[in-house]
>>> print(open('data13.pdb').read())   # PDB, C-alpha atoms
ATOM      1  CA  MET A   7     -20.281 -65.854 -42.027  1.00  0.00           C
ATOM      2  CA  LYS A   8     -22.723 -68.717 -41.454  1.00  0.00           C
ATOM      3  CA  ALA A   9     -20.714 -69.704 -38.364  1.00  0.00           C
ATOM      4  CA  VAL A  10     -21.002 -66.184 -36.954  1.00  0.00           C
ATOM      5  CA  LEU A  11     -24.744 -66.060 -37.587  1.00  0.00           C
ATOM      6  CA  LEU A  12     -25.167 -69.491 -36.031  1.00  0.00           C
ATOM      7  CA  SER A  13     -23.187 -68.348 -32.983  1.00  0.00           C
ATOM      8  CA  ILE A  14     -25.342 -65.242 -32.637  1.00  0.00           C
ATOM      9  CA  SER A  15     -28.553 -67.274 -32.906  1.00  0.00           C
ATOM     10  CA  THR A  16     -27.287 -69.809 -30.383  1.00  0.00           C
ATOM     11  CA  LEU A  17     -26.363 -67.058 -27.934  1.00  0.00           C
ATOM     12  CA  PHE A  18     -29.785 -65.463 -28.260  1.00  0.00           C
ATOM     13  CA  LEU A  19     -31.489 -68.744 -27.473  1.00  0.00           C
ATOM     14  CA  ALA A  20     -29.159 -69.529 -24.579  1.00  0.00           C
ATOM     15  CA  MET A  21     -29.599 -66.122 -22.949  1.00  0.00           C
ATOM     16  CA  ALA A  22     -33.332 -66.337 -22.248  1.00  0.00           C
ATOM     17  CA  ALA A  23     -34.649 -63.799 -19.749  1.00  0.00           C
ATOM     18  CA  SER A  24     -37.987 -62.150 -19.088  1.00  0.00           C
ATOM     19  CA  ALA A  25     -38.556 -58.597 -20.304  1.00  0.00           C
ATOM     20  CA  GLN A  26     -41.626 -56.669 -21.414  1.00  0.00           C
ATOM     21  CA  SER A  27     -40.297 -53.323 -22.630  1.00  0.00           C
ATOM     22  CA  ALA A  28     -37.104 -52.617 -24.532  1.00  0.00           C
ATOM     23  CA  PRO A  29     -34.071 -51.837 -22.365  1.00  0.00           C
ATOM     24  CA  LYS A  30     -32.644 -48.333 -22.703  1.00  0.00           C
ATOM     25  CA  PRO A  31     -28.844 -48.574 -22.668  1.00  0.00           C
ATOM     26  CA  THR A  32     -26.887 -45.543 -21.545  1.00  0.00           C
ATOM     27  CA  GLU A  33     -23.709 -44.509 -23.312  1.00  0.00           C
ATOM     28  CA  ARG A  34     -21.768 -45.887 -20.328  1.00  0.00           C
ATOM     29  CA  ASP A  35     -23.557 -49.272 -20.596  1.00  0.00           C
ATOM     30  CA  LEU A  36     -22.488 -49.506 -24.227  1.00  0.00           C
ATOM     31  CA  GLN A  37     -18.920 -48.397 -23.500  1.00  0.00           C
ATOM     32  CA  VAL A  38     -18.590 -51.210 -20.957  1.00  0.00           C
ATOM     33  CA  ALA A  39     -19.966 -53.712 -23.496  1.00  0.00           C
ATOM     34  CA  PHE A  40     -17.403 -52.518 -26.061  1.00  0.00           C
ATOM     35  CA  ASP A  41     -14.426 -52.702 -23.707  1.00  0.00           C
ATOM     36  CA  ARG A  42     -13.027 -55.896 -25.307  1.00  0.00           C
ATOM     37  CA  HIS A  43     -13.662 -54.705 -28.876  1.00  0.00           C
ATOM     38  CA  LEU A  44     -12.165 -51.198 -28.968  1.00  0.00           C
ATOM     39  CA  LYS A  45      -8.753 -49.679 -28.240  1.00  0.00           C
ATOM     40  CA  ASP A  46     -10.379 -46.745 -26.393  1.00  0.00           C
ATOM     41  CA  ALA A  47     -13.895 -47.753 -25.322  1.00  0.00           C
ATOM     42  CA  PRO A  48     -14.413 -44.657 -23.107  1.00  0.00           C
ATOM     43  CA  SER A  49     -14.077 -42.490 -26.243  1.00  0.00           C
ATOM     44  CA  ALA A  50     -16.887 -44.364 -28.027  1.00  0.00           C
ATOM     45  CA  ARG A  51     -19.796 -42.437 -29.457  1.00  0.00           C
ATOM     46  CA  PHE A  52     -23.018 -44.154 -30.484  1.00  0.00           C
ATOM     47  CA  ARG A  53     -25.870 -43.394 -32.845  1.00  0.00           C
ATOM     48  CA  ASP A  54     -29.025 -45.054 -34.149  1.00  0.00           C
ATOM     49  CA  VAL A  55     -29.041 -47.774 -31.444  1.00  0.00           C
ATOM     50  CA  GLN A  56     -32.183 -49.865 -31.832  1.00  0.00           C
ATOM     51  CA  LEU A  57     -33.416 -52.897 -29.929  1.00  0.00           C
ATOM     52  CA  VAL A  58     -35.854 -55.490 -31.244  1.00  0.00           C
ATOM     53  CA  ARG A  59     -37.192 -58.381 -29.206  1.00  0.00           C
ATOM     54  CA  GLU A  60     -35.993 -61.815 -30.326  1.00  0.00           C
ATOM     55  CA  GLY A  61     -39.081 -64.026 -30.256  1.00  0.00           C
ATOM     56  CA  GLU A  62     -40.429 -64.870 -26.806  1.00  0.00           C
ATOM     57  CA  SER A  63     -37.011 -65.466 -25.252  1.00  0.00           C
ATOM     58  CA  GLY A  64     -36.737 -62.059 -23.566  1.00  0.00           C
ATOM     59  CA  VAL A  65     -33.506 -61.348 -25.421  1.00  0.00           C
ATOM     60  CA  TRP A  66     -33.277 -58.110 -27.364  1.00  0.00           C
ATOM     61  CA  VAL A  67     -31.235 -57.794 -30.581  1.00  0.00           C
ATOM     62  CA  MET A  68     -29.269 -54.557 -30.491  1.00  0.00           C
ATOM     63  CA  CYS A  69     -28.012 -52.824 -33.657  1.00  0.00           C
ATOM     64  CA  GLY A  70     -26.399 -49.441 -34.061  1.00  0.00           C
ATOM     65  CA  TYR A  71     -23.279 -47.533 -35.017  1.00  0.00           C
ATOM     66  CA  VAL A  72     -20.141 -46.868 -32.966  1.00  0.00           C
ATOM     67  CA  ASN A  73     -17.246 -44.477 -33.530  1.00  0.00           C
ATOM     68  CA  ALA A  74     -14.189 -44.556 -31.263  1.00  0.00           C
ATOM     69  CA  LYS A  75     -10.595 -43.461 -31.209  1.00  0.00           C
ATOM     70  CA  ASN A  76      -8.038 -45.787 -32.795  1.00  0.00           C
ATOM     71  CA  ALA A  77      -4.437 -46.438 -31.708  1.00  0.00           C
ATOM     72  CA  MET A  78      -3.370 -43.111 -33.251  1.00  0.00           C
ATOM     73  CA  GLY A  79      -5.898 -41.206 -31.111  1.00  0.00           C
ATOM     74  CA  ALA A  80      -8.160 -40.230 -34.008  1.00  0.00           C
ATOM     75  CA  TYR A  81     -11.793 -41.177 -34.490  1.00  0.00           C
ATOM     76  CA  ALA A  82     -11.979 -44.000 -37.049  1.00  0.00           C
ATOM     77  CA  GLY A  83     -15.521 -43.382 -38.341  1.00  0.00           C
ATOM     78  CA  TYR A  84     -18.817 -45.064 -37.568  1.00  0.00           C
ATOM     79  CA  SER A  85     -19.042 -48.861 -37.890  1.00  0.00           C
ATOM     80  CA  ARG A  86     -22.160 -50.996 -37.581  1.00  0.00           C
ATOM     81  CA  PHE A  87     -22.449 -53.326 -34.600  1.00  0.00           C
ATOM     82  CA  ILE A  88     -24.793 -56.054 -33.468  1.00  0.00           C
ATOM     83  CA  GLY A  89     -25.244 -57.247 -29.933  1.00  0.00           C
ATOM     84  CA  ALA A  90     -27.800 -58.331 -27.399  1.00  0.00           C
ATOM     85  CA  ALA A  91     -29.435 -56.981 -24.284  1.00  0.00           C
ATOM     86  CA  VAL A  92     -30.527 -59.467 -21.636  1.00  0.00           C
ATOM     87  CA  ARG A  93     -32.383 -58.726 -18.421  1.00  0.00           C
ATOM     88  CA  GLU A  94     -30.853 -60.400 -15.373  1.00  0.00           C
ATOM     89  CA  GLY A  95     -33.107 -59.709 -12.433  1.00  0.00           C
ATOM     90  CA  LYS A  96     -33.246 -55.927 -12.037  1.00  0.00           C
ATOM     91  CA  SER A  97     -30.221 -55.250 -14.232  1.00  0.00           C
ATOM     92  CA  THR A  98     -29.605 -55.570 -17.952  1.00  0.00           C
ATOM     93  CA  LYS A  99     -26.443 -56.994 -19.480  1.00  0.00           C
ATOM     94  CA  TYR A 100     -25.287 -55.723 -22.867  1.00  0.00           C
ATOM     95  CA  VAL A 101     -23.122 -57.899 -25.098  1.00  0.00           C
ATOM     96  CA  VAL A 102     -21.450 -56.880 -28.364  1.00  0.00           C
ATOM     97  CA  MET A 103     -21.055 -59.722 -30.840  1.00  0.00           C
ATOM     98  CA  GLU A 104     -19.793 -58.318 -34.106  1.00  0.00           C
ATOM     99  CA  LEU A 105     -18.600 -55.109 -35.755  1.00  0.00           C
ATOM    100  CA  GLY A 106     -18.423 -54.215 -39.430  1.00  0.00           C
ATOM    101  CA  GLU A 107     -19.704 -56.027 -42.493  1.00  0.00           C
ATOM    102  CA  VAL A 108     -21.268 -59.049 -40.770  1.00  0.00           C
ATOM    103  CA  ALA A 109     -23.109 -56.768 -38.336  1.00  0.00           C
ATOM    104  CA  ASP A 110     -24.265 -54.596 -41.239  1.00  0.00           C
ATOM    105  CA  GLN A 111     -25.645 -57.592 -43.150  1.00  0.00           C
ATOM    106  CA  THR A 112     -27.309 -59.091 -40.082  1.00  0.00           C
ATOM    107  CA  CYS A 113     -28.899 -55.834 -38.902  1.00  0.00           C
ATOM    108  CA  SER A 114     -30.049 -54.934 -42.424  1.00  0.00           C
ATOM    109  CA  GLY A 115     -31.609 -58.384 -42.755  1.00  0.00           C
ATOM    110  CA  ARG A 116     -33.645 -57.652 -39.622  1.00  0.00           C
ATOM    111  CA  GLY A 117     -34.835 -54.298 -40.942  1.00  0.00           C
ATOM    112  CA  LEU A 118     -32.673 -52.323 -38.532  1.00  0.00           C
TER     113      LEU A 118
END
>>> encode(input="data13.pdb", output="structure tokens")
Amino acid sequence: MKAVLLSISTLFLAMAASAQSAPKPTERDLQVAFDRHLKDAPSARFRDVQLVREGESGVWVMCGYVNAKNAMGAYAGYSRFIGAAVREGKSTKYVVMELGEVADQTCSGRGL
């Protein structure tokens, strides 16, 4: 778990960008970010997505819940996720880092 947290912290520091207000991801933005993590990313539903600025780096920590269809075609239930939002010029890139227990512990530790 320490390795995952260290990786997340390192990524946040490496992805510095300037941003004043919190990005507002659309459901499609999040589905694209989840493409590598879910069997059926287009089926993903999201709730309670919150973004908190990470220091002065311009990187936003993103926590929320995702529910998507599994290999059997049924919704698996909501799981916690943690990711980041980074402004790149006029666009924002969303990255998902972890799902499940580690995300739950990390987001809870940040008050999210």
>>> atom_distance(input="data13.pdb", atom1="CA of Ser27 (chain A)", atom2="CA of Asp110 (chain A)")
24.6 Å
>>> axis_aligned_box(input="data13.pdb", around="region 56-62 of chain A", padding_each_side="6 Å", output="AutoDock Vina command-line options")
--center_x -36.3 --center_y -57.4 --center_z -29.3 --size_x 20.2 --size_y 27.0 --size_z 17.0
>>> resolve_selection(input="data13.pdb", expression="the PyMOL selection byres ((chain A and resi 52-54) around 10)", output="PyMOL selection string")
chain A and resi 32-33+36-37+50-51+55-57+69-74+84-86+118
>>> atom_distance(input="data13.pdb", atom1="CA of Ala39 (chain A)", atom2="CA of Lys99 (chain A)")
8.3 Å
>>> resolve_selection(input="data13.pdb", expression="the PyMOL selection byres ((chain A and resi 106) around 9)", output="compact mmCIF listing (two decimals) with C-alpha atoms, keeping the file's coordinate frame")
# COMPACT_ATOMS: atom_id res chain seq x y z
CA SER A 85 -19.04 -48.86 -37.89
CA ARG A 86 -22.16 -51.00 -37.58
CA PHE A 87 -22.45 -53.33 -34.60
CA ILE A 88 -24.79 -56.05 -33.47
CA GLU A 104 -19.79 -58.32 -34.11
CA LEU A 105 -18.60 -55.11 -35.76
CA GLU A 107 -19.70 -56.03 -42.49
CA VAL A 108 -21.27 -59.05 -40.77
CA ALA A 109 -23.11 -56.77 -38.34
CA ASP A 110 -24.26 -54.60 -41.24
CA GLN A 111 -25.64 -57.59 -43.15
>>> closest_residue(input="data13.pdb", among="A:Ala90, A:Ala80, A:Met103, A:Cys113", to="Ser63 (chain A)", atoms="only C-alpha atoms")
A:Ala90
>>> closest_residue(input="data13.pdb", among="A:Asn76, A:Gly89, A:Trp66, A:Gly95", to="Pro29 (chain A)", atoms="only C-alpha atoms")
A:Trp66
>>> closest_residue(input="data13.pdb", among="A:Ala91, A:Ser49, A:Gly79, A:Phe40", to="Val67 (chain A)", atoms="all atoms listed in the file")
A:Ala91
>>> atom_distance(input="data13.pdb", atom1="CA of Val58 (chain A)", atom2="CA of Val92 (chain A)")
11.7 Å
>>> closest_residue(input="data13.pdb", among="A:Ser97, A:Thr112, A:Asp35, A:Asp46", to="Met78 (chain A)", atoms="only C-alpha atoms")
A:Asp46
>>> closest_residue(input="data13.pdb", among="A:Tyr81, A:Arg116, A:His43, A:Pro31", to="Thr98 (chain A)", atoms="only C-alpha atoms")
A:Pro31
>>> closest_residue(input="data13.pdb", among="A:Met68, A:Ala28, A:Ala77, A:Glu60", to="Ala47 (chain A)", atoms="all atoms listed in the file")
A:Ala77
>>> build_atoms(input="data13.pdb", residues="region 49-60 of chain A", atoms="all heavy atoms", output="PDB file, keeping the file's coordinate frame")
ATOM      1  N   SER A  49     -13.906 -43.543 -25.239  1.00  0.00           N
ATOM      2  CA  SER A  49     -14.077 -42.490 -26.243  1.00  0.00           C
ATOM      3  C   SER A  49     -15.248 -42.774 -27.184  1.00  0.00           C
ATOM      4  O   SER A  49     -15.590 -41.929 -28.014  1.00  0.00           O
ATOM      5  CB  SER A  49     -12.798 -42.349 -27.082  1.00  0.00           C
ATOM      6  OG  SER A  49     -12.661 -43.433 -27.991  1.00  0.00           O
ATOM      7  N   ALA A  50     -15.861 -43.931 -27.076  1.00  0.00           N
ATOM      8  CA  ALA A  50     -16.887 -44.364 -28.027  1.00  0.00           C
ATOM      9  C   ALA A  50     -18.103 -43.442 -28.019  1.00  0.00           C
ATOM     10  O   ALA A  50     -18.574 -42.996 -26.972  1.00  0.00           O
ATOM     11  CB  ALA A  50     -17.316 -45.790 -27.716  1.00  0.00           C
ATOM     12  N   ARG A  51     -18.566 -43.193 -29.234  1.00  0.00           N
ATOM     13  CA  ARG A  51     -19.796 -42.437 -29.457  1.00  0.00           C
ATOM     14  C   ARG A  51     -20.742 -43.357 -30.207  1.00  0.00           C
ATOM     15  O   ARG A  51     -20.328 -44.141 -31.063  1.00  0.00           O
ATOM     16  CB  ARG A  51     -19.521 -41.201 -30.307  1.00  0.00           C
ATOM     17  CG  ARG A  51     -18.578 -40.225 -29.654  1.00  0.00           C
ATOM     18  CD  ARG A  51     -18.283 -39.090 -30.593  1.00  0.00           C
ATOM     19  NE  ARG A  51     -17.353 -38.153 -29.975  1.00  0.00           N
ATOM     20  CZ  ARG A  51     -16.779 -37.181 -30.623  1.00  0.00           C
ATOM     21  NH1 ARG A  51     -17.003 -36.999 -31.914  1.00  0.00           N
ATOM     22  NH2 ARG A  51     -15.953 -36.369 -29.994  1.00  0.00           N
ATOM     23  N   PHE A  52     -22.031 -43.247 -29.913  1.00  0.00           N
ATOM     24  CA  PHE A  52     -23.018 -44.154 -30.484  1.00  0.00           C
ATOM     25  C   PHE A  52     -24.129 -43.372 -31.165  1.00  0.00           C
ATOM     26  O   PHE A  52     -24.452 -42.265 -30.762  1.00  0.00           O
ATOM     27  CB  PHE A  52     -23.621 -45.040 -29.380  1.00  0.00           C
ATOM     28  CG  PHE A  52     -22.579 -45.822 -28.650  1.00  0.00           C
ATOM     29  CD1 PHE A  52     -22.002 -45.321 -27.493  1.00  0.00           C
ATOM     30  CD2 PHE A  52     -22.148 -47.044 -29.132  1.00  0.00           C
ATOM     31  CE1 PHE A  52     -21.015 -46.032 -26.834  1.00  0.00           C
ATOM     32  CE2 PHE A  52     -21.169 -47.763 -28.473  1.00  0.00           C
ATOM     33  CZ  PHE A  52     -20.601 -47.252 -27.322  1.00  0.00           C
ATOM     34  N   ARG A  53     -24.696 -43.999 -32.201  1.00  0.00           N
ATOM     35  CA  ARG A  53     -25.870 -43.394 -32.845  1.00  0.00           C
ATOM     36  C   ARG A  53     -26.763 -44.505 -33.382  1.00  0.00           C
ATOM     37  O   ARG A  53     -26.320 -45.630 -33.618  1.00  0.00           O
ATOM     38  CB  ARG A  53     -25.465 -42.432 -33.952  1.00  0.00           C
ATOM     39  CG  ARG A  53     -24.928 -43.087 -35.192  1.00  0.00           C
ATOM     40  CD  ARG A  53     -24.722 -42.086 -36.311  1.00  0.00           C
ATOM     41  NE  ARG A  53     -24.535 -42.834 -37.538  1.00  0.00           N
ATOM     42  CZ  ARG A  53     -23.815 -42.443 -38.545  1.00  0.00           C
ATOM     43  NH1 ARG A  53     -23.204 -41.281 -38.497  1.00  0.00           N
ATOM     44  NH2 ARG A  53     -23.709 -43.199 -39.609  1.00  0.00           N
ATOM     45  N   ASP A  54     -28.031 -44.160 -33.540  1.00  0.00           N
ATOM     46  CA  ASP A  54     -29.025 -45.054 -34.149  1.00  0.00           C
ATOM     47  C   ASP A  54     -29.079 -46.432 -33.482  1.00  0.00           C
ATOM     48  O   ASP A  54     -29.249 -47.448 -34.161  1.00  0.00           O
ATOM     49  CB  ASP A  54     -28.777 -45.222 -35.649  1.00  0.00           C
ATOM     50  CG  ASP A  54     -28.789 -43.899 -36.407  1.00  0.00           C
ATOM     51  OD1 ASP A  54     -29.499 -42.983 -35.953  1.00  0.00           O
ATOM     52  OD2 ASP A  54     -28.089 -43.787 -37.421  1.00  0.00           O
ATOM     53  N   VAL A  55     -28.965 -46.487 -32.155  1.00  0.00           N
ATOM     54  CA  VAL A  55     -29.041 -47.774 -31.444  1.00  0.00           C
ATOM     55  C   VAL A  55     -30.509 -48.165 -31.338  1.00  0.00           C
ATOM     56  O   VAL A  55     -31.333 -47.403 -30.834  1.00  0.00           O
ATOM     57  CB  VAL A  55     -28.393 -47.678 -30.048  1.00  0.00           C
ATOM     58  CG1 VAL A  55     -28.546 -48.997 -29.301  1.00  0.00           C
ATOM     59  CG2 VAL A  55     -26.925 -47.289 -30.170  1.00  0.00           C
ATOM     60  N   GLN A  56     -30.819 -49.348 -31.851  1.00  0.00           N
ATOM     61  CA  GLN A  56     -32.183 -49.865 -31.832  1.00  0.00           C
ATOM     62  C   GLN A  56     -32.193 -51.257 -31.222  1.00  0.00           C
ATOM     63  O   GLN A  56     -31.246 -52.020 -31.414  1.00  0.00           O
ATOM     64  CB  GLN A  56     -32.745 -49.939 -33.250  1.00  0.00           C
ATOM     65  CG  GLN A  56     -32.824 -48.611 -33.946  1.00  0.00           C
ATOM     66  CD  GLN A  56     -33.314 -48.766 -35.371  1.00  0.00           C
ATOM     67  OE1 GLN A  56     -34.023 -49.713 -35.708  1.00  0.00           O
ATOM     68  NE2 GLN A  56     -32.949 -47.838 -36.221  1.00  0.00           N
ATOM     69  N   LEU A  57     -33.258 -51.565 -30.514  1.00  0.00           N
ATOM     70  CA  LEU A  57     -33.416 -52.897 -29.929  1.00  0.00           C
ATOM     71  C   LEU A  57     -34.726 -53.493 -30.397  1.00  0.00           C
ATOM     72  O   LEU A  57     -35.752 -52.811 -30.413  1.00  0.00           O
ATOM     73  CB  LEU A  57     -33.397 -52.816 -28.406  1.00  0.00           C
ATOM     74  CG  LEU A  57     -32.029 -52.495 -27.829  1.00  0.00           C
ATOM     75  CD1 LEU A  57     -31.944 -51.045 -27.472  1.00  0.00           C
ATOM     76  CD2 LEU A  57     -31.756 -53.344 -26.625  1.00  0.00           C
ATOM     77  N   VAL A  58     -34.671 -54.764 -30.798  1.00  0.00           N
ATOM     78  CA  VAL A  58     -35.854 -55.490 -31.244  1.00  0.00           C
ATOM     79  C   VAL A  58     -35.893 -56.812 -30.491  1.00  0.00           C
ATOM     80  O   VAL A  58     -34.886 -57.518 -30.408  1.00  0.00           O
ATOM     81  CB  VAL A  58     -35.808 -55.751 -32.765  1.00  0.00           C
ATOM     82  CG1 VAL A  58     -36.981 -56.607 -33.204  1.00  0.00           C
ATOM     83  CG2 VAL A  58     -35.775 -54.444 -33.525  1.00  0.00           C
ATOM     84  N   ARG A  59     -37.051 -57.137 -29.962  1.00  0.00           N
ATOM     85  CA  ARG A  59     -37.192 -58.381 -29.206  1.00  0.00           C
ATOM     86  C   ARG A  59     -37.009 -59.596 -30.106  1.00  0.00           C
ATOM     87  O   ARG A  59     -37.524 -59.661 -31.214  1.00  0.00           O
ATOM     88  CB  ARG A  59     -38.554 -58.432 -28.536  1.00  0.00           C
ATOM     89  CG  ARG A  59     -38.640 -59.540 -27.520  1.00  0.00           C
ATOM     90  CD  ARG A  59     -39.873 -59.411 -26.702  1.00  0.00           C
ATOM     91  NE  ARG A  59     -39.845 -60.413 -25.663  1.00  0.00           N
ATOM     92  CZ  ARG A  59     -40.672 -60.425 -24.665  1.00  0.00           C
ATOM     93  NH1 ARG A  59     -41.572 -59.497 -24.542  1.00  0.00           N
ATOM     94  NH2 ARG A  59     -40.596 -61.373 -23.766  1.00  0.00           N
ATOM     95  N   GLU A  60     -36.273 -60.566 -29.605  1.00  0.00           N
ATOM     96  CA  GLU A  60     -35.993 -61.815 -30.326  1.00  0.00           C
ATOM     97  C   GLU A  60     -36.991 -62.867 -29.857  1.00  0.00           C
ATOM     98  O   GLU A  60     -36.796 -63.514 -28.835  1.00  0.00           O
ATOM     99  CB  GLU A  60     -34.556 -62.264 -30.067  1.00  0.00           C
ATOM    100  CG  GLU A  60     -34.160 -63.547 -30.730  1.00  0.00           C
ATOM    101  CD  GLU A  60     -34.045 -63.430 -32.240  1.00  0.00           C
ATOM    102  OE1 GLU A  60     -33.926 -62.329 -32.764  1.00  0.00           O
ATOM    103  OE2 GLU A  60     -34.080 -64.489 -32.887  1.00  0.00           O
TER     104      GLU A  60
END
